[in-house]
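Coordinates as given in entry07.pdb (PDB, C-alpha atoms and all ligand atoms):
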ATOM      1  CA  MET D   1       0.000   0.000   0.000
ATOM      2  CA  LYS D   2       1.237   3.526  -0.803
ATOM      3  CA  PRO D   3       2.370   5.406   2.345
ATOM      4  CA  VAL D   4      -0.217   8.078   3.203
ATOM      5  CA  LEU D   5       2.220  11.002   3.092
ATOM      6  CA  GLU D   6       4.069   9.946  -0.052
ATOM      7  CA  GLY D   7       4.712  12.940  -2.319
ATOM      8  CA  THR D   8       4.366  15.434   0.536
ATOM      9  CA  ALA D   9       6.987  17.469   2.398
ATOM     10  CA  ALA D  10       7.051  18.281   6.107
ATOM     11  CA  LEU D  11       9.093  20.755   8.147
ATOM     12  CA  VAL D  12       9.652  19.924  11.826
ATOM     13  CA  THR D  13      11.183  22.549  14.104
ATOM     14  CA  GLY D  14      13.191  21.373  17.092
ATOM     15  CA  ALA D  15      13.983  18.130  15.293
ATOM     16  CA  SER D  16      17.329  17.599  17.010
ATOM     17  CA  SER D  17      15.900  15.899  20.112
ATOM     18  CA  GLY D  18      12.823  14.673  21.939
ATOM     19  CA  ILE D  19       9.390  15.027  20.407
ATOM     20  CA  GLY D  20      10.626  16.789  17.262
ATOM     21  CA  ALA D  21      13.160  14.093  16.393
ATOM     22  CA  ALA D  22      10.610  11.334  16.996
ATOM     23  CA  THR D  23       8.005  13.190  14.928
ATOM     24  CA  ALA D  24      10.331  13.703  11.980
ATOM     25  CA  ALA D  25      11.129   9.983  11.971
ATOM     26  CA  ALA D  26       7.426   9.106  12.216
ATOM     27  CA  LEU D  27       6.444  11.391   9.318
ATOM     28  CA  ALA D  28       9.282   9.994   7.201
ATOM     29  CA  ALA D  29       7.997   6.499   7.953
ATOM     30  CA  GLN D  30       4.610   7.636   6.573
ATOM     31  CA  GLY D  31       6.344   8.634   3.328
ATOM     32  CA  ALA D  32       6.896  12.387   3.806
ATOM     33  CA  ALA D  33      10.146  14.047   2.789
ATOM     34  CA  VAL D  34      11.188  15.810   5.988
ATOM     35  CA  ALA D  35      13.099  19.016   6.662
ATOM     36  CA  LEU D  36      14.764  18.964  10.068
ATOM     37  CA  ALA D  37      15.290  22.368  11.692
ATOM     38  CA  ALA D  38      17.210  23.155  14.896
ATOM     39  CA  ARG D  39      20.514  24.658  16.033
ATOM     40  CA  ARG D  40      22.474  21.434  16.740
ATOM     41  CA  VAL D  41      23.412  20.278  13.274
ATOM     42  CA  ASP D  42      25.332  17.192  14.450
ATOM     43  CA  ARG D  43      22.107  15.826  15.929
ATOM     44  CA  LEU D  44      20.164  16.655  12.775
ATOM     45  CA  ASP D  45      22.813  14.963  10.622
ATOM     46  CA  GLY D  46      22.488  11.791  12.715
ATOM     47  CA  LEU D  47      18.705  11.742  12.356
ATOM     48  CA  ALA D  48      18.901  12.507   8.627
ATOM     49  CA  ALA D  49      21.299   9.573   8.135
ATOM     50  CA  GLN D  50      18.887   7.298   9.994
ATOM     51  CA  ILE D  51      15.925   8.434   7.853
ATOM     52  CA  ARG D  52      17.897   8.078   4.599
ATOM     53  CA  GLY D  53      19.097   4.639   5.740
ATOM     54  CA  GLN D  54      15.450   3.597   5.828
ATOM     55  CA  GLY D  55      14.852   4.879   2.311
ATOM     56  CA  GLY D  56      13.463   8.279   3.297
ATOM     57  CA  THR D  57      14.333  11.825   2.279
ATOM     58  CA  ALA D  58      15.685  14.266   4.852
ATOM     59  CA  LEU D  59      16.967  17.825   4.611
ATOM     60  CA  VAL D  60      19.068  19.315   7.411
ATOM     61  CA  LEU D  61      18.427  22.978   8.222
ATOM     62  CA  GLU D  62      20.591  24.722  10.785
ATOM     63  CA  CYS D  63      18.185  27.263  12.150
ATOM     64  CA  ASP D  64      17.477  29.404  15.181
ATOM     65  CA  VAL D  65      13.752  30.008  14.832
ATOM     66  CA  THR D  66      13.864  32.988  17.204
ATOM     67  CA  GLN D  67      15.567  34.847  14.352
ATOM     68  CA  GLN D  68      12.832  35.812  11.915
ATOM     69  CA  ASP D  69      15.127  35.677   8.877
ATOM     70  CA  GLN D  70      16.348  32.194   9.786
ATOM     71  CA  ALA D  71      12.809  30.907  10.350
ATOM     72  CA  ALA D  72      11.721  32.268   6.977
ATOM     73  CA  ALA D  73      14.831  30.859   5.307
ATOM     74  CA  ALA D  74      14.123  27.399   6.744
ATOM     75  CA  VAL D  75      10.665  27.449   5.189
ATOM     76  CA  GLU D  76      11.961  28.731   1.849
ATOM     77  CA  ARG D  77      14.767  26.136   1.719
ATOM     78  CA  THR D  78      12.274  23.373   2.443
ATOM     79  CA  VAL D  79      10.157  24.468  -0.504
ATOM     80  CA  ALA D  80      13.176  25.017  -2.764
ATOM     81  CA  GLU D  81      14.800  21.658  -2.001
ATOM     82  CA  LEU D  82      11.840  19.384  -1.271
ATOM     83  CA  GLY D  83       9.590  21.041  -3.825
ATOM     84  CA  ARG D  84       6.715  21.962  -1.571
ATOM     85  CA  LEU D  85       5.438  22.226   2.016
ATOM     86  CA  ASP D  86       2.382  20.254   3.116
ATOM     87  CA  THR D  87       3.009  19.928   6.851
ATOM     88  CA  LEU D  88       4.565  22.225   9.429
ATOM     89  CA  VAL D  89       5.142  20.886  12.932
ATOM     90  CA  ASN D  90       5.850  23.877  15.182
ATOM     91  CA  ASN D  91       7.566  21.967  17.952
ATOM     92  CA  ALA D  92      10.695  23.866  19.078
ATOM     93  CA  GLY D  93      10.192  25.028  22.643
ATOM     94  CA  VAL D  94      11.784  25.619  26.000
ATOM     95  CA  MET D  95      10.381  25.327  29.543
ATOM     96  CA  LEU D  96      12.118  27.330  32.268
ATOM     97  CA  LEU D  97      10.323  27.057  35.584
ATOM     98  CA  GLY D  98      10.489  28.597  39.036
ATOM     99  CA  PRO D  99       9.003  31.427  41.083
ATOM    100  CA  ALA D 100       8.280  34.646  39.216
ATOM    101  CA  ALA D 101       9.761  36.795  41.979
ATOM    102  CA  GLY D 102      13.443  37.162  41.240
ATOM    103  CA  ALA D 103      13.356  35.036  38.094
ATOM    104  CA  PRO D 104      16.056  35.849  35.536
ATOM    105  CA  LEU D 105      14.317  37.999  32.922
ATOM    106  CA  ALA D 106      16.471  36.343  30.254
ATOM    107  CA  GLU D 107      14.563  33.091  30.869
ATOM    108  CA  TRP D 108      11.230  34.801  30.266
ATOM    109  CA  GLN D 109      12.589  36.399  27.125
ATOM    110  CA  GLN D 110      13.893  33.060  25.862
ATOM    111  CA  MET D 111      10.504  31.386  26.336
ATOM    112  CA  VAL D 112       8.577  34.191  24.648
ATOM    113  CA  ASP D 113      11.137  34.432  21.834
ATOM    114  CA  LEU D 114      11.041  30.707  21.102
ATOM    115  CA  ASN D 115       7.634  29.377  22.166
ATOM    116  CA  VAL D 116       5.681  32.354  20.845
ATOM    117  CA  LEU D 117       7.652  34.420  18.348
ATOM    118  CA  GLY D 118       9.615  31.503  16.860
ATOM    119  CA  LEU D 119       6.363  29.642  16.268
ATOM    120  CA  LEU D 120       4.755  32.738  14.749
ATOM    121  CA  TYR D 121       7.698  33.380  12.414
ATOM    122  CA  CYS D 122       7.535  29.814  11.109
ATOM    123  CA  ALA D 123       3.752  29.894  10.800
ATOM    124  CA  HIS D 124       3.817  33.203   8.928
ATOM    125  CA  ALA D 125       6.429  32.026   6.437
ATOM    126  CA  ALA D 126       4.750  28.655   5.927
ATOM    127  CA  LEU D 127       1.167  29.813   5.419
ATOM    128  CA  PRO D 128       1.260  30.646   1.694
ATOM    129  CA  HIS D 129       2.917  27.294   0.987
ATOM    130  CA  LEU D 130       0.417  25.371   3.099
ATOM    131  CA  GLN D 131      -2.434  27.166   1.318
ATOM    132  CA  ARG D 132      -0.917  26.204  -2.032
ATOM    133  CA  ALA D 133      -0.447  22.584  -0.923
ATOM    134  CA  ALA D 134      -4.080  22.393   0.152
ATOM    135  CA  ALA D 135      -5.223  23.893  -3.147
ATOM    136  CA  ASP D 136      -3.199  21.777  -5.551
ATOM    137  CA  GLY D 137      -1.119  19.249  -3.566
ATOM    138  CA  PRO D 138      -1.270  15.468  -3.745
ATOM    139  CA  ARG D 139      -3.619  15.216  -0.729
ATOM    140  CA  GLN D 140      -5.562  18.473  -1.264
ATOM    141  CA  VAL D 141      -5.089  19.194   2.417
ATOM    142  CA  ALA D 142      -2.266  20.691   4.481
ATOM    143  CA  ASP D 143      -1.427  20.683   8.177
ATOM    144  CA  MET D 144       0.046  22.956  10.780
ATOM    145  CA  VAL D 145       0.528  21.162  14.091
ATOM    146  CA  ASN D 146       1.387  23.433  16.992
ATOM    147  CA  ILE D 147       2.865  21.861  20.107
ATOM    148  CA  SER D 148       1.459  23.316  23.284
ATOM    149  CA  SER D 149       1.326  21.516  26.641
ATOM    150  CA  VAL D 150      -0.956  20.608  29.512
ATOM    151  CA  ALA D 151       0.447  23.956  30.709
ATOM    152  CA  GLY D 152      -1.453  25.535  27.816
ATOM    153  CA  ARG D 153      -4.667  24.629  29.639
ATOM    154  CA  HIS D 154      -3.671  24.795  33.311
ATOM    155  CA  ALA D 155      -1.343  27.330  34.900
ATOM    156  CA  ARG D 156       0.422  25.987  38.005
ATOM    157  CA  LEU D 157       2.626  27.381  40.705
ATOM    158  CA  GLY D 158       6.047  27.987  39.163
ATOM    159  CA  ASN D 159       5.145  27.669  35.482
ATOM    160  CA  GLY D 160       3.608  31.105  34.890
ATOM    161  CA  VAL D 161       5.558  32.309  31.891
ATOM    162  CA  TYR D 162       5.796  28.865  30.283
ATOM    163  CA  ALA D 163       2.008  28.550  30.679
ATOM    164  CA  LEU D 164       1.580  32.071  29.282
ATOM    165  CA  THR D 165       3.437  31.080  26.120
ATOM    166  CA  LYS D 166       1.481  27.841  25.704
ATOM    167  CA  PHE D 167      -1.905  29.503  26.371
ATOM    168  CA  GLY D 168      -0.879  31.906  23.610
ATOM    169  CA  VAL D 169      -0.096  29.035  21.247
ATOM    170  CA  GLY D 170      -3.575  27.663  21.933
ATOM    171  CA  ALA D 171      -5.279  30.997  21.247
ATOM    172  CA  PHE D 172      -3.391  31.594  18.019
ATOM    173  CA  SER D 173      -4.020  28.035  16.834
ATOM    174  CA  GLU D 174      -7.770  28.209  17.392
ATOM    175  CA  SER D 175      -8.095  31.551  15.623
ATOM    176  CA  LEU D 176      -5.985  30.351  12.699
ATOM    177  CA  ARG D 177      -7.971  27.110  12.542
ATOM    178  CA  GLN D 178     -11.164  29.091  12.016
ATOM    179  CA  GLU D 179      -9.504  31.292   9.385
ATOM    180  CA  LEU D 180      -8.165  28.400   7.307
ATOM    181  CA  ALA D 181     -10.763  25.658   7.770
ATOM    182  CA  GLY D 182     -12.511  26.443   4.488
ATOM    183  CA  GLN D 183      -9.206  26.251   2.634
ATOM    184  CA  TYR D 184      -8.375  22.760   3.939
ATOM    185  CA  VAL D 185      -5.360  23.948   5.869
ATOM    186  CA  ARG D 186      -5.903  22.121   9.154
ATOM    187  CA  VAL D 187      -4.481  23.689  12.314
ATOM    188  CA  SER D 188      -4.085  21.273  15.215
ATOM    189  CA  LEU D 189      -3.007  21.769  18.785
ATOM    190  CA  VAL D 190      -1.161  19.001  20.652
ATOM    191  CA  GLU D 191      -0.891  19.307  24.430
ATOM    192  CA  PRO D 192       1.469  16.737  25.910
ATOM    193  CA  GLY D 193       1.858  15.956  29.581
ATOM    194  CA  ALA D 194       5.133  14.748  31.073
ATOM    195  CA  THR D 195       7.329  13.253  28.384
ATOM    196  CA  ALA D 196      10.906  11.972  28.776
ATOM    197  CA  THR D 197      12.986  14.436  26.717
ATOM    198  CA  GLU D 198      15.708  17.027  27.317
ATOM    199  CA  LEU D 199      13.110  19.727  28.055
ATOM    200  CA  ALA D 200      13.506  19.970  31.837
ATOM    201  CA  SER D 201      17.308  19.784  31.679
ATOM    202  CA  HIS D 202      17.634  23.432  30.652
ATOM    203  CA  ASN D 203      16.432  24.633  34.059
ATOM    204  CA  ARG D 204      18.747  26.089  36.693
ATOM    205  CA  PRO D 205      20.206  23.409  39.043
ATOM    206  CA  GLU D 206      18.120  24.533  42.029
ATOM    207  CA  ILE D 207      14.935  24.324  39.950
ATOM    208  CA  LEU D 208      15.940  20.951  38.523
ATOM    209  CA  GLU D 209      16.422  19.639  42.030
ATOM    210  CA  SER D 210      12.912  20.644  43.067
ATOM    211  CA  LEU D 211      11.501  19.273  39.803
ATOM    212  CA  SER D 212      13.109  15.860  40.170
ATOM    213  CA  SER D 213      11.028  15.145  43.284
ATOM    214  CA  GLN D 214       7.874  15.796  41.214
ATOM    215  CA  PHE D 215       8.734  13.451  38.346
ATOM    216  CA  GLY D 216       6.212  10.661  38.100
ATOM    217  CA  GLN D 217       5.301   8.535  35.125
ATOM    218  CA  ARG D 218       6.451   9.941  31.794
ATOM    219  CA  MET D 219       5.578   9.195  28.211
ATOM    220  CA  GLU D 220       8.152   8.620  25.488
ATOM    221  CA  ALA D 221       8.699  11.096  22.661
ATOM    222  CA  ASP D 222       7.441   8.362  20.310
ATOM    223  CA  ASP D 223       4.059   8.426  22.059
ATOM    224  CA  ILE D 224       3.582  12.077  21.070
ATOM    225  CA  ALA D 225       5.030  11.507  17.589
ATOM    226  CA  ASP D 226       2.444   8.772  17.154
ATOM    227  CA  ALA D 227      -0.349  11.243  17.961
ATOM    228  CA  ILE D 228       1.040  13.840  15.531
ATOM    229  CA  SER D 229       1.370  11.193  12.869
ATOM    230  CA  TYR D 230      -2.269  10.213  13.452
ATOM    231  CA  ILE D 231      -3.411  13.829  13.111
ATOM    232  CA  VAL D 232      -1.692  14.517   9.791
ATOM    233  CA  THR D 233      -2.657  11.223   8.169
ATOM    234  CA  ARG D 234      -6.424  11.701   8.615
ATOM    235  CA  PRO D 235      -8.476  11.877   5.443
ATOM    236  CA  ARG D 236      -9.110  15.321   3.979
ATOM    237  CA  HIS D 237     -12.538  15.753   5.579
ATOM    238  CA  VAL D 238     -11.358  14.986   9.134
ATOM    239  CA  ALA D 239      -9.528  17.563  11.259
ATOM    240  CA  VAL D 240      -8.275  16.653  14.720
ATOM    241  CA  ASN D 241      -8.374  20.126  16.252
ATOM    242  CA  GLU D 242      -6.870  19.410  19.630
ATOM    243  CA  MET D 243      -5.227  16.536  21.479
ATOM    244  CA  LEU D 244      -4.421  16.510  25.210
ATOM    245  CA  ILE D 245      -2.206  13.547  26.088
ATOM    246  CA  ARG D 246      -1.052  12.648  29.584
ATOM    247  CA  PRO D 247       0.774   9.666  31.018
ATOM    248  CA  THR D 248      -1.985   7.542  32.508
ATOM    249  CA  GLU D 249      -0.931   8.232  36.102
ATOM    250  CA  GLN D 250      -0.557  12.017  35.691
ATOM    251  CA  GLN D 251      -3.370  13.651  37.644
ATOM    252  CA  ARG D 252      -2.840  17.380  37.009
TER
HETATM  253  N1  LIG D 301       8.733  16.949  27.333
HETATM  254  C1  LIG D 301       7.585  17.315  27.887
HETATM  255  O1  LIG D 301       7.229  16.851  28.992
HETATM  256  C2  LIG D 301       6.673  18.273  27.171
HETATM  257  C3  LIG D 301       5.387  18.452  27.682
HETATM  258  C4  LIG D 301       4.545  19.364  27.066
HETATM  259  C5  LIG D 301       4.956  20.059  25.961
HETATM  260  N2  LIG D 301       6.219  19.873  25.472
HETATM  261  C6  LIG D 301       6.626  20.670  24.308
HETATM  262  O2  LIG D 301       7.174  19.828  23.324
HETATM  263  C7  LIG D 301       8.044  20.587  22.493
HETATM  264  C8  LIG D 301       9.334  19.801  22.268
HETATM  265  O3  LIG D 301      10.035  19.682  23.481
HETATM  266  P1  LIG D 301      10.785  18.349  23.948
HETATM  267  O4  LIG D 301      10.093  17.887  25.173
HETATM  268  O5  LIG D 301      10.978  17.426  22.824
HETATM  269  O6  LIG D 301      12.165  19.000  24.460
HETATM  270  P2  LIG D 301      13.664  18.960  23.887
HETATM  271  O7  LIG D 301      14.153  17.556  23.783
HETATM  272  O8  LIG D 301      14.414  19.914  24.765
HETATM  273  O9  LIG D 301      13.528  19.557  22.417
HETATM  274  C9  LIG D 301      13.451  20.939  22.157
HETATM  275  C10 LIG D 301      13.852  21.178  20.723
HETATM  276  O10 LIG D 301      13.748  22.576  20.455
HETATM  277  C11 LIG D 301      14.911  22.975  19.752
HETATM  278  N3  LIG D 301      15.222  24.384  19.948
HETATM  279  C12 LIG D 301      15.521  25.030  21.100
HETATM  280  N4  LIG D 301      15.785  26.317  20.851
HETATM  281  C13 LIG D 301      15.682  26.479  19.494
HETATM  282  C14 LIG D 301      15.846  27.583  18.627
HETATM  283  N5  LIG D 301      16.169  28.802  19.096
HETATM  284  N6  LIG D 301      15.669  27.397  17.295
HETATM  285  C15 LIG D 301      15.344  26.176  16.808
HETATM  286  N7  LIG D 301      15.150  25.093  17.592
HETATM  287  C16 LIG D 301      15.325  25.249  18.924
HETATM  288  C17 LIG D 301      16.023  22.094  20.313
HETATM  289  O11 LIG D 301      17.087  21.995  19.360
HETATM  290  P3  LIG D 301      18.468  22.783  19.394
HETATM  291  O12 LIG D 301      18.848  22.963  20.825
HETATM  292  O13 LIG D 301      19.383  21.876  18.627
HETATM  293  O14 LIG D 301      18.206  24.078  18.666
HETATM  294  C18 LIG D 301      15.291  20.769  20.423
HETATM  295  O15 LIG D 301      15.327  20.092  19.197
HETATM  296  C19 LIG D 301       8.235  21.937  23.195
HETATM  297  O16 LIG D 301       7.441  22.903  22.553
HETATM  298  C20 LIG D 301       7.724  21.687  24.594
HETATM  299  O17 LIG D 301       7.234  22.852  25.206
HETATM  300  C21 LIG D 301       7.076  18.980  26.036
END
Render the structure in this file as structure tokens.
Ligand SMILES: NC(=O)c1ccc[n+]([C@@H]2O[C@H](COP(=O)([O-])OP(=O)(O)OC[C@H]3O[C@@H](n4cnc5c(N)ncnc54)[C@H](OP(=O)(O)O)[C@@H]3O)[C@@H](O)[C@H]2O)c1
Amino acid sequence: MKPVLEGTAALVTGASSGIGAATAAALAAQGAAVALAARRVDRLDGLAAQIRGQGGTALVLECDVTQQDQAAAAVERTVAELGRLDTLVNNAGVMLLGPAAGAPLAEWQQMVDLNVLGLLYCAHAALPHLQRAAADGPRQVADMVNISSVAGRHARLGNGVYALTKFGVGAFSESLRQELAGQYVRVSLVEPGATATELASHNRPEILESLSSQFGQRMEADDIADAISYIVTRPRHVAVNEMLIRPTEQQR
């Protein structure tokens, strides 16, 4: 049987680790040519070699999506080298936790720059290509999948600015979904709970220490990639608008 995403091209931001890397591999397994964007090129090269080894097509894009010109260039290179853009997975993100009082402002800036502005820069650059893919592409439908979090629905003590960024991703996604529904550009929001990736490791040591006592059951990056893969392989008339996914034991 022909793979569902054969003939399509996908761009995954934050593809050098965790959920992004697993998602790129999953979309390649469904037949998509995948563009892998992140700052750590050695990691992207490794993943690209793995995808090519399995007969897939992968393009490595060194890119800091907080820089508007680099985000736009990543989209344009995807289209130039893979011929089109049918799927954008806006995944790159950072989670820096802790009390608001006395927090380093640089951490807040980093989260807003990446989780909000980086996502917006990629979305803005990708939109005309997604609209074109939906109008005349092989599947007559295109996808933007934005990665939020349980924190995009529930603010908790110590996650205020991270939650702010993810609530924002949810608001933008829902508005854009309404704008593009009639054009068959589907906009989906994925809200993972605790997942074993590098995400928490970027916190300050004292925050990490307090976090480690809270770690319970965690999902694997592949579990979230599986959900994203499900979303973008639905038939043209089915749009999965939102998916909240927790490890079974996670209560909050
Ligand atoms: N893990 C969880 O429990 C969890 C739960 C809910 C939501 N999420 C969300 O899932 C998404 C992926 O996170 P993850 O858990 O897979 O964490 P991760 O392993 O830390 O992956 C984050 C990715 O973002 C990339 N990135 C960071 N800064 C970047 C920049 N300026 N430009 C381009 N790429 C950048 C990183 O690559 P480079 O460093 O190479 O640039 C990396 O590939 C995030 O949006 C996160 O908020 C995760």
Taking only residues of region 150-225 of chain D that have an atom at most 12 Å from an atom of region 68-87 of chain D, what is each one's shortest atom pair and its distance in Å to one decimal, using all atoms listed in the file, in chain and number order, as a tab-separated table?
residue	atom	partner	partner_atom	distance
D:Tyr184	CA	D:Asp86	CA	11.1
D:Val185	CA	D:Asp86	CA	9.0
D:Arg186	CA	D:Thr87	CA	9.5
D:Val187	CA	D:Thr87	CA	10.0
D:Ser188	CA	D:Thr87	CA	11.0
Problem - All residues 6 Å or closer to region 17-25 of chain D, only C-alpha atoms, same chain fewer than 6 positions away omitted, as a PyMOL selection string - result: chain D and resi 197+221-222+225
Problem - Resolved residues for the PyMOL selection byres (((chain D and resi 137-147) around 7) and not hetatm) as a list in words - result: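 On this input, the PyMOL selection byres (((chain D and resi 137-147) around 7) and not hetatm) captures Gly7, Asp86, Thr87, Leu88, Val89, Asn90, Asn91, Leu130, Ala133, Ala134, Ala135, Asp136, Ser148, Ser149, Tyr184, Val185, Arg186, Val187, Ser188, Leu189, Val190, Glu191, Val232 and Arg236 of chain D.
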Practice task
Check which residues satisfy the PyMOL selection byres (((chain D and resi 50-52) around 12) and not hetatm) in the file shown, then give them as number ranges by chain.
Solution key: D: 21-36, 43-49, 53-60
Please write out, as lines of an AutoDock Vina configuration file, where the centre of an axis-aligned box around all listed atoms of ligand LIG 301 (chain D) lies and how long its edges are, in Å to one decimal, after adding 6 Å on each side.
center_x = 12.0
center_y = 22.8
center_z = 22.9
size_x = 26.8
size_y = 24.0
size_z = 24.2
Set out as a tab-separated table a contact list for chain D and ligand LIG 301 (chain D) with a cut-off of 6 Å, giving each residue of chain D that qualifies its closest atom pair and distance in Å to one decimal, counting only C-alpha atoms and all ligand atoms, ordered by chain and rising residue number.
residue	atom	partner	partner_atom	distance
D:Thr13	CA	D:LIG301	N7	5.9
D:Gly14	CA	D:LIG301	O15	3.3
D:Ala15	CA	D:LIG301	O15	4.6
D:Ser16	CA	D:LIG301	O15	3.9
D:Ser17	CA	D:LIG301	O15	4.3
D:Gly18	CA	D:LIG301	O5	3.4
D:Ile19	CA	D:LIG301	O5	3.8
D:Gly20	CA	D:LIG301	O5	5.6
D:Ala38	CA	D:LIG301	N7	3.9
D:Arg39	CA	D:LIG301	O14	3.5
D:Arg40	CA	D:LIG301	O13	3.6
D:Cys63	CA	D:LIG301	C15	5.6
D:Asp64	CA	D:LIG301	N6	3.4
D:Val65	CA	D:LIG301	N6	4.1
D:Thr66	CA	D:LIG301	N5	5.1
D:Asn91	CA	D:LIG301	O16	4.7
D:Ala92	CA	D:LIG301	O10	3.6
D:Gly93	CA	D:LIG301	O16	3.5
D:Val94	CA	D:LIG301	O17	5.4
D:Met95	CA	D:LIG301	O17	5.9
D:Leu114	CA	D:LIG301	N5	5.8
D:Ile147	CA	D:LIG301	O16	5.3
D:Ser148	CA	D:LIG301	C5	5.5
D:Ser149	CA	D:LIG301	C4	3.9
D:Pro192	CA	D:LIG301	C4	4.2
D:Gly193	CA	D:LIG301	C3	4.7
D:Ala194	CA	D:LIG301	O1	3.6
D:Thr195	CA	D:LIG301	O1	3.7
D:Ala196	CA	D:LIG301	N1	5.6
D:Thr197	CA	D:LIG301	O7	4.4
D:Glu198	CA	D:LIG301	O7	3.9
D:Leu199	CA	D:LIG301	O8	3.5
Residue rebuild result region 233-246 of chain D, N, CA and C atoms as an mmCIF file, in the coordinates of the input:
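Just written: selection_1.cif:
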data_model
loop_
_atom_site.group_PDB
_atom_site.id
_atom_site.type_symbol
_atom_site.label_atom_id
_atom_site.label_comp_id
_atom_site.auth_asym_id
_atom_site.auth_seq_id
_atom_site.Cartn_x
_atom_site.Cartn_y
_atom_site.Cartn_z
ATOM 1 N N THR D 233 -2.322 12.254 9.160
ATOM 2 C CA THR D 233 -2.657 11.223 8.169
ATOM 3 C C THR D 233 -4.171 11.009 8.056
ATOM 4 N N ARG D 234 -4.960 11.842 8.750
ATOM 5 C CA ARG D 234 -6.424 11.701 8.615
ATOM 6 C C ARG D 234 -6.847 12.057 7.196
ATOM 7 N N PRO D 235 -7.963 11.492 6.759
ATOM 8 C CA PRO D 235 -8.476 11.877 5.443
ATOM 9 C C PRO D 235 -8.842 13.371 5.418
ATOM 10 N N ARG D 236 -8.936 13.883 4.223
ATOM 11 C CA ARG D 236 -9.110 15.321 3.979
ATOM 12 C C ARG D 236 -10.284 15.946 4.741
ATOM 13 N N HIS D 237 -11.340 15.174 4.961
ATOM 14 C CA HIS D 237 -12.538 15.753 5.579
ATOM 15 C C HIS D 237 -12.530 15.649 7.107
ATOM 16 N N VAL D 238 -11.428 15.166 7.677
ATOM 17 C CA VAL D 238 -11.358 14.986 9.134
ATOM 18 C C VAL D 238 -10.223 15.839 9.705
ATOM 19 N N ALA D 239 -10.557 16.731 10.622
ATOM 20 C CA ALA D 239 -9.528 17.563 11.259
ATOM 21 C C ALA D 239 -9.525 17.297 12.765
ATOM 22 N N VAL D 240 -8.416 16.824 13.272
ATOM 23 C CA VAL D 240 -8.275 16.653 14.720
ATOM 24 C C VAL D 240 -7.797 18.007 15.255
ATOM 25 N N ASN D 241 -8.696 18.749 15.870
ATOM 26 C CA ASN D 241 -8.374 20.126 16.252
ATOM 27 C C ASN D 241 -7.421 20.208 17.436
ATOM 28 N N GLU D 242 -7.591 19.279 18.371
ATOM 29 C CA GLU D 242 -6.870 19.410 19.630
ATOM 30 C C GLU D 242 -6.667 18.043 20.250
ATOM 31 N N MET D 243 -5.486 17.816 20.827
ATOM 32 C CA MET D 243 -5.227 16.536 21.479
ATOM 33 C C MET D 243 -4.446 16.771 22.767
ATOM 34 N N LEU D 244 -5.052 16.411 23.885
ATOM 35 C CA LEU D 244 -4.421 16.510 25.210
ATOM 36 C C LEU D 244 -4.005 15.101 25.602
ATOM 37 N N ILE D 245 -2.720 14.906 25.860
ATOM 38 C CA ILE D 245 -2.206 13.547 26.088
ATOM 39 C C ILE D 245 -1.377 13.536 27.370
ATOM 40 N N ARG D 246 -1.821 12.752 28.344
ATOM 41 C CA ARG D 246 -1.052 12.648 29.584
ATOM 42 C C ARG D 246 -0.588 11.211 29.777
#
